[in-house]
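First up is the structure itself, then whatever we jot down about it.
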Amino acid sequence: MSVLAVENVIAGYSVGDQILKGVNFHVGAREIVCVVGPNGAGKSTLLKTIAGLLRPSEGSIVYDGAPINGMKPHDVSRHGIAFVPQEHNVFGNMTVYENLEMGGYIAPKHFRARADEVMKHFPILLKKKTQLARTLSGGQRQLLAVGMALMVDPGLILLDEPTAGLSPAAADELFAEIRKLRDAGKAIALVEQNAREAMAISDRTYILVDGKNSIEGPSPELLANEDINRMFLGG
Amino acid sequence: MEIYIISMCVVAGIYAVMALGLNVMWGMAGLVNLGLVGSAAAGAYTSAILTKTFAIPIPLGIMAGAIVAAAVGAVLSLVTRRLKEHYLAIVTLGFAETIRIVASNEIWLTNGTDGISGIAGPFRADLTPFQYNLVYLGIVLLVLLGLYVCCQRISYSPLGRVLRAVRDDDMVVSVAGKNAQSFKLKAFSIGSGIIGLAGGLYAHYTSFISPDLFVPLLTLYVKLSLLVGGVGNNRGAVVGAALIILILEGSRFVVPFIPYISPAQGAAIRELFLSATLLIVLRFRVTGLIPEPHDHPVIPRPGTATAGTSIKAF
């Protein structure tokens, strides 16, 4: 049973120039699904389309049994999908705590308890609670962005290249946190350039090429496949 | 001379009110509105026409002016909902000109370029000009104080926080579950309403309005006030407005002492003083004289903590 079902979605930034040319994509409960592929394959576009930032011209997106295609981003997030954009995903001029407040709009009554919970989850955020977000390191900023997403207690988290620009150590730490979220019951869709590492922590992988599904399957299986290694993972 | 000084204080107060309104739009929500005079004109004309034609009390007229200006601002925000930054600035500039041209041509309503004269002022008939100016200064300062308190409340409220977030990145706001568009609309209406109120105050003070009062230069003076005072800071808006009027009017007395210039050159030099002030302030204080505060009402940031909450500081 999948939480999110994307069927034959066609979407793009201008009419006649589609980026996604009929993508199918499923995320099951308590599952990390990783999307990899060459540059320009439509990985980020897929997440943006699910988050409502882009309107699909065809196809359907169903979340938790309800169609969400064509919804505005704020409505999508109210349905329980949290999107963490690739960059500019925190408010640099606000404190860490204010950033968490920003994430907590859907359940404003419980946001304080929720913020405490998120900060318990990411102790570094508690330590830097009153610091401006722009003074955080790249890795801490990504944790804050994920923390903001968690404020609404989403069922599904969409992460767009969370480890872009991070040191290998910080990336590993973030991946470990992502696994913990999965173990805590969240469904996660992850777009990554760090393909190997992302596949290593994910349950299933989709390889997108030129806006279409190319290969999909359980991550360990794909990682073990020599052809895939040669074609997509650089040896 | 006393009347002149008082009346300049009144004008400074009205500028300060407009700068507060602009701060809601530009300082808090990051919306560059160059159509301020349009809102001011809407407020001034509404109040002037209502009090003159229907003889309604002045405070009601000014309130009505503010409401009409807020409504006009809301419409403007809807029309420009896909525009940002420079594009928004250009369209709003055009909007203000449209309002001015409508006021020049709809003679049945606005008396065209002749303007509306004899607009009622509070207790004008019972007071000497000196007393009247003093009373009006008191009214303007009271209004300014009230609006200042309101704007401070807004900037520390959740609404203010969302507006700042919209300013920084409206995409993150929408994925965090807020309709960024509706917040832009709120900022535009509140800001335009405040500016419309300033327009009404001006109309009842001078008792005369005409379309050529509402030229883009006025917008730029207000924008300059906020820029010099500190974008995003309500105190900065007030201080900046006072400073701009001081320079604009004060330079009047300095110019005669500059040798070898004609009166026309003297007038141009006054504008030069203003530009020089702007350049100097922006060279040494990019964020304005009083930069945007970075404190939080619930959790003070490090360094801003008060004695009660942080013992370590001592």
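Just so we're on the same page: first chain in the structure tokens is A, next is B, and so on; residues restart at 1 for each chain, and ligands are numbered from 1 in the order they show up.
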Pull the closest atom pair for each residue of chain A that gets at most 7 Å from chain B, along with the distance in Å to one decimal, counting only C-alpha atoms, ordering rows by chain and then ascending residue number, as a tab-separated table.
```
residue	atom	partner	partner_atom	distance
A:Pro73	CA	B:Val175	CA	5.5
A:His74	CA	B:Gly177	CA	4.0
A:Asp75	CA	B:Gly177	CA	6.6
A:Ser77	CA	B:Gly177	CA	5.2
A:Arg78	CA	B:Gly177	CA	6.0
A:Ala82	CA	B:Val175	CA	6.9
A:Phe83	CA	B:Val175	CA	6.1
A:Asn89	CA	B:Val172	CA	6.1
A:Phe91	CA	B:Asp168	CA	6.5
A:Met102	CA	B:Ala176	CA	6.9
A:Gly103	CA	B:Ala176	CA	5.2
A:Tyr105	CA	B:Gly177	CA	6.4
A:Ile106	CA	B:Gly177	CA	6.3
A:Thr130	CA	B:Arg301	CA	5.2
A:Gln131	CA	B:Arg301	CA	6.7
```
Let's have the selection written as a JSON list (two decimals), in the first residue's frame, with C-alpha atoms.
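Result file follows (selection-v4.json):
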```json
[["chain", "number", "residue", "atom", "x", "y", "z"],
["A", 73, "PRO", "CA", 1.61, 24.40, -2.13],
["A", 74, "HIS", "CA", 0.11, 25.56, 1.17],
["A", 75, "ASP", "CA", -2.81, 23.18, 0.72],
["A", 77, "SER", "CA", 1.44, 20.94, 3.07],
["A", 78, "ARG", "CA", -1.82, 20.96, 5.01],
["A", 82, "ALA", "CA", 6.44, 18.51, 3.85],
["A", 83, "PHE", "CA", 8.81, 19.72, 1.17],
["A", 89, "ASN", "CA", 15.16, 26.49, 2.80],
["A", 91, "PHE", "CA", 15.06, 32.08, 6.91],
["A", 102, "MET", "CA", 7.50, 29.37, 10.77],
["A", 103, "GLY", "CA", 7.24, 25.67, 10.13],
["A", 105, "TYR", "CA", 1.67, 27.08, 11.10],
["A", 106, "ILE", "CA", -0.56, 24.17, 10.45],
["A", 130, "THR", "CA", 18.48, 31.88, 19.75],
["A", 131, "GLN", "CA", 21.07, 32.12, 17.01]]
```
Neighbour list for Gly200 in chain B as a PyMOL selection string, cut-off 10 Å, only C-alpha atoms, skip fewer than 6 positions in-chain: chain B and resi 14+40-48+58-59+61-66+194+209
Write out as an MDAnalysis selection string which residues come within 10 Å of Asp172 in chain A when counting only C-alpha atoms, dropping same-chain ones fewer than 5 positions away. chainID A and resid 163 166:167 177:178 197:198 201
Expected file: the selected residues, C-alpha atoms, as a PDB file, in the first residue's frame:
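The result, written out as part_4.pdb:
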```pdb
ATOM      1  CA  THR A 163      23.374  16.840   1.270  1.00  0.00           C
ATOM      2  CA  LEU A 166      27.801  19.319   2.785  1.00  0.00           C
ATOM      3  CA  SER A 167      31.050  17.729   3.891  1.00  0.00           C
ATOM      4  CA  GLU A 177      18.923  11.322  10.775  1.00  0.00           C
ATOM      5  CA  ILE A 178      16.870  10.528   7.704  1.00  0.00           C
ATOM      6  CA  GLU A 197      25.204   7.010  -0.303  1.00  0.00           C
ATOM      7  CA  ALA A 198      21.557   7.837  -0.814  1.00  0.00           C
ATOM      8  CA  ILE A 201      20.215   4.262   3.128  1.00  0.00           C
TER       9      ILE A 201
END
```
Please identify which residues in range 74-201 of chain A DSSP calls strand (DSSP E or B) from the backbone, and express them as a list in words. Ile81, Ala82, Phe83, Val84, Thr95, Leu132, Leu156, Ile157, Leu158, Leu159, Asp160, Ala187, Ile188, Ala189, Leu190 and Val191 of chain A
Mind dumping the selected residues with all heavy atoms as a short mmCIF file (atom, residue, chain, number, x, y, z; two decimals), in the first residue's frame?
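Saved as selection03.cif:
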```cif
data_model
loop_
_atom_site.label_atom_id
_atom_site.label_comp_id
_atom_site.auth_asym_id
_atom_site.auth_seq_id
_atom_site.Cartn_x
_atom_site.Cartn_y
_atom_site.Cartn_z
N ILE A 81 2.14 16.71 3.59
CA ILE A 81 3.38 16.52 2.85
C ILE A 81 4.29 17.70 3.12
O ILE A 81 3.90 18.84 2.93
CB ILE A 81 3.11 16.41 1.33
CG1 ILE A 81 2.20 15.23 1.04
CG2 ILE A 81 4.43 16.28 0.57
CD1 ILE A 81 1.91 15.03 -0.44
N ALA A 82 5.50 17.43 3.59
CA ALA A 82 6.44 18.51 3.85
C ALA A 82 7.52 18.47 2.79
O ALA A 82 8.07 17.42 2.49
CB ALA A 82 7.04 18.36 5.23
N PHE A 83 7.80 19.63 2.22
CA PHE A 83 8.81 19.72 1.17
C PHE A 83 9.99 20.53 1.71
O PHE A 83 9.80 21.62 2.24
CB PHE A 83 8.19 20.40 -0.06
CG PHE A 83 9.17 20.69 -1.17
CD1 PHE A 83 9.98 19.70 -1.68
CD2 PHE A 83 9.27 21.97 -1.70
CE1 PHE A 83 10.87 19.96 -2.71
CE2 PHE A 83 10.16 22.25 -2.73
CZ PHE A 83 10.96 21.23 -3.24
N VAL A 84 11.17 20.00 1.58
CA VAL A 84 12.37 20.74 1.96
C VAL A 84 13.13 21.09 0.69
O VAL A 84 13.72 20.23 0.07
CB VAL A 84 13.28 19.91 2.90
CG1 VAL A 84 14.51 20.71 3.30
CG2 VAL A 84 12.51 19.47 4.12
N THR A 95 15.83 33.64 13.99
CA THR A 95 16.53 32.70 14.85
C THR A 95 16.07 31.28 14.50
O THR A 95 15.07 31.09 13.82
CB THR A 95 16.19 32.93 16.33
OG1 THR A 95 14.79 32.78 16.49
CG2 THR A 95 16.62 34.30 16.78
N LEU A 132 20.87 33.33 14.91
CA LEU A 132 20.30 33.57 13.59
C LEU A 132 20.64 32.38 12.68
O LEU A 132 21.75 31.87 12.71
CB LEU A 132 20.88 34.83 12.96
CG LEU A 132 20.42 36.17 13.55
CD1 LEU A 132 20.93 37.31 12.69
CD2 LEU A 132 18.90 36.22 13.62
N LEU A 156 4.62 12.45 4.95
CA LEU A 156 5.59 12.25 3.88
C LEU A 156 6.52 13.47 3.82
O LEU A 156 6.06 14.61 3.86
CB LEU A 156 4.86 12.09 2.54
CG LEU A 156 5.71 12.11 1.27
CD1 LEU A 156 6.62 10.90 1.21
CD2 LEU A 156 4.82 12.15 0.04
N ILE A 157 7.80 13.20 3.75
CA ILE A 157 8.77 14.30 3.66
C ILE A 157 9.48 14.21 2.32
O ILE A 157 9.98 13.14 1.95
CB ILE A 157 9.80 14.23 4.80
CG1 ILE A 157 9.10 14.19 6.15
CG2 ILE A 157 10.74 15.43 4.75
CD1 ILE A 157 10.03 13.90 7.30
N LEU A 158 9.48 15.30 1.58
CA LEU A 158 10.19 15.36 0.30
C LEU A 158 11.48 16.13 0.52
O LEU A 158 11.45 17.28 0.91
CB LEU A 158 9.33 16.07 -0.75
CG LEU A 158 7.89 15.61 -0.91
CD1 LEU A 158 7.14 16.58 -1.82
CD2 LEU A 158 7.84 14.21 -1.49
N LEU A 159 12.61 15.49 0.26
CA LEU A 159 13.90 16.15 0.47
C LEU A 159 14.59 16.32 -0.87
O LEU A 159 14.88 15.35 -1.55
CB LEU A 159 14.78 15.30 1.40
CG LEU A 159 14.27 15.07 2.81
CD1 LEU A 159 15.08 13.98 3.49
CD2 LEU A 159 14.34 16.35 3.61
N ASP A 160 14.86 17.59 -1.21
CA ASP A 160 15.52 17.86 -2.49
C ASP A 160 17.01 18.08 -2.25
O ASP A 160 17.41 19.12 -1.75
CB ASP A 160 14.88 19.08 -3.15
CG ASP A 160 15.30 19.22 -4.60
OD1 ASP A 160 16.10 18.40 -5.06
OD2 ASP A 160 14.82 20.17 -5.25
N ALA A 187 7.30 8.47 5.85
CA ALA A 187 7.66 8.09 4.49
C ALA A 187 8.54 9.21 3.94
O ALA A 187 8.27 10.39 4.19
CB ALA A 187 6.42 7.92 3.64
N ILE A 188 9.59 8.85 3.23
CA ILE A 188 10.53 9.87 2.77
C ILE A 188 10.87 9.66 1.30
O ILE A 188 11.16 8.54 0.87
CB ILE A 188 11.83 9.82 3.61
CG1 ILE A 188 11.53 10.28 5.05
CG2 ILE A 188 12.91 10.71 2.99
CD1 ILE A 188 12.53 9.82 6.04
N ALA A 189 10.78 10.75 0.53
CA ALA A 189 11.25 10.71 -0.84
C ALA A 189 12.46 11.62 -0.93
O ALA A 189 12.43 12.76 -0.48
CB ALA A 189 10.16 11.19 -1.80
N LEU A 190 13.52 11.09 -1.50
CA LEU A 190 14.81 11.75 -1.42
C LEU A 190 15.39 11.86 -2.82
O LEU A 190 15.51 10.87 -3.54
CB LEU A 190 15.69 10.87 -0.53
CG LEU A 190 17.13 11.19 -0.27
CD1 LEU A 190 17.22 12.43 0.58
CD2 LEU A 190 17.78 10.02 0.46
N VAL A 191 15.74 13.08 -3.22
CA VAL A 191 16.44 13.27 -4.49
C VAL A 191 17.90 13.54 -4.15
O VAL A 191 18.17 14.34 -3.27
CB VAL A 191 15.84 14.47 -5.26
CG1 VAL A 191 16.79 14.96 -6.34
CG2 VAL A 191 14.51 14.09 -5.88
#
```
Surrounding residues of Gly165 in chain A excluding itself and chain neighbours under 3 positions, 10 Å, only C-alpha atoms, as an NGL selection string: :A and (87 or 138-139 or 161-162 or 168 or 170-171)
Could you check which of A:Val76, A:Val35, A:Val9, A:Ile19 is closest to Leu208 in chain A, using only C-alpha atoms? A:Val35
For Val27 in chain A: contacts at 10 Å, only C-alpha atoms, fewer than 5 positions along chain excluded, given as a VMD selection string: chain A and resid 1 to 6 32 to 34 63 156 187 to 189 204
Tell me which of B:Leu36, B:Val68, B:Leu289, B:Leu197 sits closest to Asn233 in chain B, counting only C-alpha atoms. B:Leu289
Based on DSSP run over this structure's backbone, return all residues of range 62-112 of chain A in alpha helix (DSSP H), as JSON, numbers by chain. {"A": [73, 74, 75, 76, 77, 78, 96, 97, 98, 99, 100, 101, 102, 103, 111, 112]}
